[in-house]
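Here's the structure we're looking at; comments come further down.
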Amino acid sequence: MCTVCACGTEAAQAEVAAETDTETGTADGKVYWVSGMTCGHCVSSVSGEMGKVGGVAGVTVDLPTGAVTVSGSGFTDEEIRAAVEEAGYTLVS
């Protein structure tokens, strides 16, 4: 859950969803599922930490579903898991 606001409101979720790419099944990236994200700050935290992983070229978050598509090469699932945990969230798969 967001440590900054804990808003989780539908308005905040809709606003972030409108700002993010909701394409989750692309051949250009690997999809991960992250639990606990409720707002734009959550998206920013997760995206920021994942973006620091070597080889990650891009991160796209679909807030309503928790799907996070990571593009690039040379990164491992364990590095992605560690980044998500560093941001304060849980990688579901």
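Following the order of the structure tokens, chains are lettered A, B, ..., residues in each are numbered from 1, and ligands are numbered from 1.
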**Request:** Considering only C-alpha atoms, return as a list in words whatever protein or nucleic-acid residues lie within 7 Å of Ala67 in chain A, sequence-local ones (same chain, fewer than 6 positions apart) excluded.
**Result:** Thr24, Val31, Tyr32, Trp33, Val34 and Val61 of chain A
**Prompt:** Do you know which residues are at most 10 Å from Val43 in chain A counting only C-alpha atoms, after dropping those on the same chain fewer than 2 positions away, and could you put them as a ChimeraX atom specification?
**Reply:** /A:2,16-17,20,37-41,45-48,59-63,66,68,87
Those residues with all heavy atoms, as a compact mmCIF listing (two decimals), in the first residue's frame please?
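Everything below was put into again04.txt:
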# COMPACT_ATOMS: atom_id res chain seq x y z
N CYS A 2 0.39 2.26 -0.56
CA CYS A 2 1.12 3.51 -0.67
C CYS A 2 1.47 4.05 0.71
O CYS A 2 0.60 4.17 1.58
CB CYS A 2 0.28 4.54 -1.43
SG CYS A 2 1.15 6.09 -1.71
N VAL A 16 -4.68 7.96 -12.95
CA VAL A 16 -3.42 7.31 -13.30
C VAL A 16 -3.62 6.35 -14.45
O VAL A 16 -2.80 6.27 -15.35
CB VAL A 16 -2.82 6.59 -12.07
CG1 VAL A 16 -1.61 5.76 -12.47
CG2 VAL A 16 -2.44 7.61 -11.03
N ALA A 17 -4.72 5.63 -14.47
CA ALA A 17 -4.99 4.70 -15.57
C ALA A 17 -5.06 5.45 -16.89
O ALA A 17 -4.59 4.95 -17.91
CB ALA A 17 -6.28 3.94 -15.32
N THR A 20 -1.46 6.13 -18.08
CA THR A 20 -0.55 5.02 -18.34
C THR A 20 -1.02 4.18 -19.50
O THR A 20 -2.20 4.13 -19.82
CB THR A 20 -0.41 4.12 -17.09
OG1 THR A 20 -1.67 3.61 -16.75
CG2 THR A 20 0.18 4.88 -15.92
N MET A 37 -0.45 -1.50 -5.11
CA MET A 37 -0.44 -0.17 -5.72
C MET A 37 -1.86 0.40 -5.73
O MET A 37 -2.79 -0.29 -6.14
CB MET A 37 0.10 -0.23 -7.15
CG MET A 37 1.54 -0.66 -7.25
SD MET A 37 2.18 -0.58 -8.95
CE MET A 37 1.15 -1.77 -9.79
N THR A 38 -2.00 1.66 -5.28
CA THR A 38 -3.33 2.27 -5.22
C THR A 38 -3.43 3.63 -5.88
O THR A 38 -4.54 4.14 -6.05
CB THR A 38 -3.79 2.42 -3.76
OG1 THR A 38 -2.85 3.26 -3.08
CG2 THR A 38 -3.91 1.08 -3.05
N CYS A 39 -2.29 4.26 -6.23
CA CYS A 39 -2.35 5.62 -6.74
C CYS A 39 -1.16 5.95 -7.62
O CYS A 39 -0.29 5.11 -7.85
CB CYS A 39 -2.41 6.62 -5.58
SG CYS A 39 -0.89 6.67 -4.61
N GLY A 40 -1.10 7.19 -8.07
CA GLY A 40 -0.03 7.64 -8.93
C GLY A 40 1.34 7.57 -8.27
O GLY A 40 2.35 7.29 -8.91
N HIS A 41 1.39 7.85 -6.97
CA HIS A 41 2.67 7.76 -6.27
C HIS A 41 3.17 6.32 -6.26
O HIS A 41 4.36 6.07 -6.42
CB HIS A 41 2.56 8.28 -4.83
CG HIS A 41 3.86 8.20 -4.10
ND1 HIS A 41 4.20 7.12 -3.34
CD2 HIS A 41 4.93 9.03 -4.09
CE1 HIS A 41 5.42 7.29 -2.86
NE2 HIS A 41 5.88 8.45 -3.30
N SER A 45 6.71 5.10 -7.76
CA SER A 45 7.69 4.38 -6.93
C SER A 45 8.12 3.08 -7.58
O SER A 45 9.32 2.78 -7.68
CB SER A 45 7.11 4.09 -5.55
OG SER A 45 6.87 5.27 -4.84
N VAL A 46 7.15 2.29 -8.03
CA VAL A 46 7.46 1.00 -8.65
C VAL A 46 8.22 1.20 -9.96
O VAL A 46 9.24 0.56 -10.20
CB VAL A 46 6.18 0.17 -8.86
CG1 VAL A 46 6.44 -1.05 -9.73
CG2 VAL A 46 5.60 -0.26 -7.52
N SER A 47 7.74 2.12 -10.79
CA SER A 47 8.40 2.39 -12.07
C SER A 47 9.83 2.87 -11.86
O SER A 47 10.74 2.46 -12.58
CB SER A 47 7.63 3.45 -12.86
OG SER A 47 6.35 2.99 -13.19
N GLY A 48 10.01 3.74 -10.90
CA GLY A 48 11.34 4.29 -10.63
C GLY A 48 12.33 3.24 -10.20
O GLY A 48 13.46 3.20 -10.69
N VAL A 59 9.23 0.84 -18.47
CA VAL A 59 8.28 0.25 -17.53
C VAL A 59 6.92 0.88 -17.77
O VAL A 59 6.80 2.10 -17.80
CB VAL A 59 8.70 0.50 -16.07
CG1 VAL A 59 7.69 -0.09 -15.10
CG2 VAL A 59 10.10 -0.04 -15.79
N THR A 60 5.90 0.04 -17.97
CA THR A 60 4.53 0.51 -18.16
C THR A 60 3.64 -0.15 -17.12
O THR A 60 3.64 -1.36 -17.00
CB THR A 60 4.03 0.16 -19.57
OG1 THR A 60 4.93 0.71 -20.53
CG2 THR A 60 2.64 0.72 -19.82
N VAL A 61 2.90 0.66 -16.37
CA VAL A 61 2.07 0.15 -15.28
C VAL A 61 0.59 0.34 -15.62
O VAL A 61 0.17 1.42 -16.02
CB VAL A 61 2.39 0.88 -13.96
CG1 VAL A 61 1.48 0.38 -12.84
CG2 VAL A 61 3.86 0.71 -13.60
N ASP A 62 -0.18 -0.73 -15.42
CA ASP A 62 -1.63 -0.67 -15.52
C ASP A 62 -2.16 -0.75 -14.08
O ASP A 62 -2.28 -1.84 -13.53
CB ASP A 62 -2.17 -1.81 -16.38
CG ASP A 62 -3.67 -1.77 -16.54
OD1 ASP A 62 -4.30 -0.82 -16.03
OD2 ASP A 62 -4.22 -2.68 -17.16
N LEU A 63 -2.40 0.39 -13.49
CA LEU A 63 -2.77 0.47 -12.08
C LEU A 63 -3.98 -0.38 -11.70
O LEU A 63 -3.93 -1.13 -10.72
CB LEU A 63 -2.97 1.92 -11.65
CG LEU A 63 -3.30 2.15 -10.18
CD1 LEU A 63 -2.17 1.66 -9.28
CD2 LEU A 63 -3.57 3.62 -9.93
N GLY A 66 -2.76 -4.04 -11.81
CA GLY A 66 -1.49 -4.35 -11.16
C GLY A 66 -0.46 -4.93 -12.11
O GLY A 66 0.60 -5.37 -11.69
N VAL A 68 2.50 -4.91 -14.68
CA VAL A 68 3.63 -4.04 -14.97
C VAL A 68 4.41 -4.70 -16.10
O VAL A 68 4.91 -5.81 -15.95
CB VAL A 68 4.53 -3.84 -13.74
CG1 VAL A 68 5.69 -2.93 -14.07
CG2 VAL A 68 3.72 -3.30 -12.56
N ALA A 87 10.72 -0.74 -3.44
CA ALA A 87 9.69 0.29 -3.54
C ALA A 87 8.58 0.10 -2.49
O ALA A 87 7.75 0.98 -2.30
CB ALA A 87 9.06 0.28 -4.94
**Fill in**
Across A:Ser44, A:Gly36, A:Lys30, A:Val53, the smallest distance to Ala82 in chain A, with only C-alpha atoms counted, is shown by A:Val53
**Atomic distance CA of Ser35 in chain A - CA of Gly54 in chain A, expressed in Å with one decimal** = 22.8 Å
**Request:** Excluding Ser71 in chain A and residues on its chain fewer than 3 positions from it, collect all residues at most 8 Å away from it, counting only C-alpha atoms, and give them as an MDAnalysis selection string.
**Result:** chainID A and resid 28:30 56:59
**Polymer residues at most 12 Å from Glu78 in chain A, only C-alpha atoms, same-chain spacing of 3 or more positions, as a PyMOL selection string** = chain A and resi 32+50+53+74-75+81-85+91+93
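CA of Glu86 in chain A is found 21.2 Å from CA of Pro64 in chain A.
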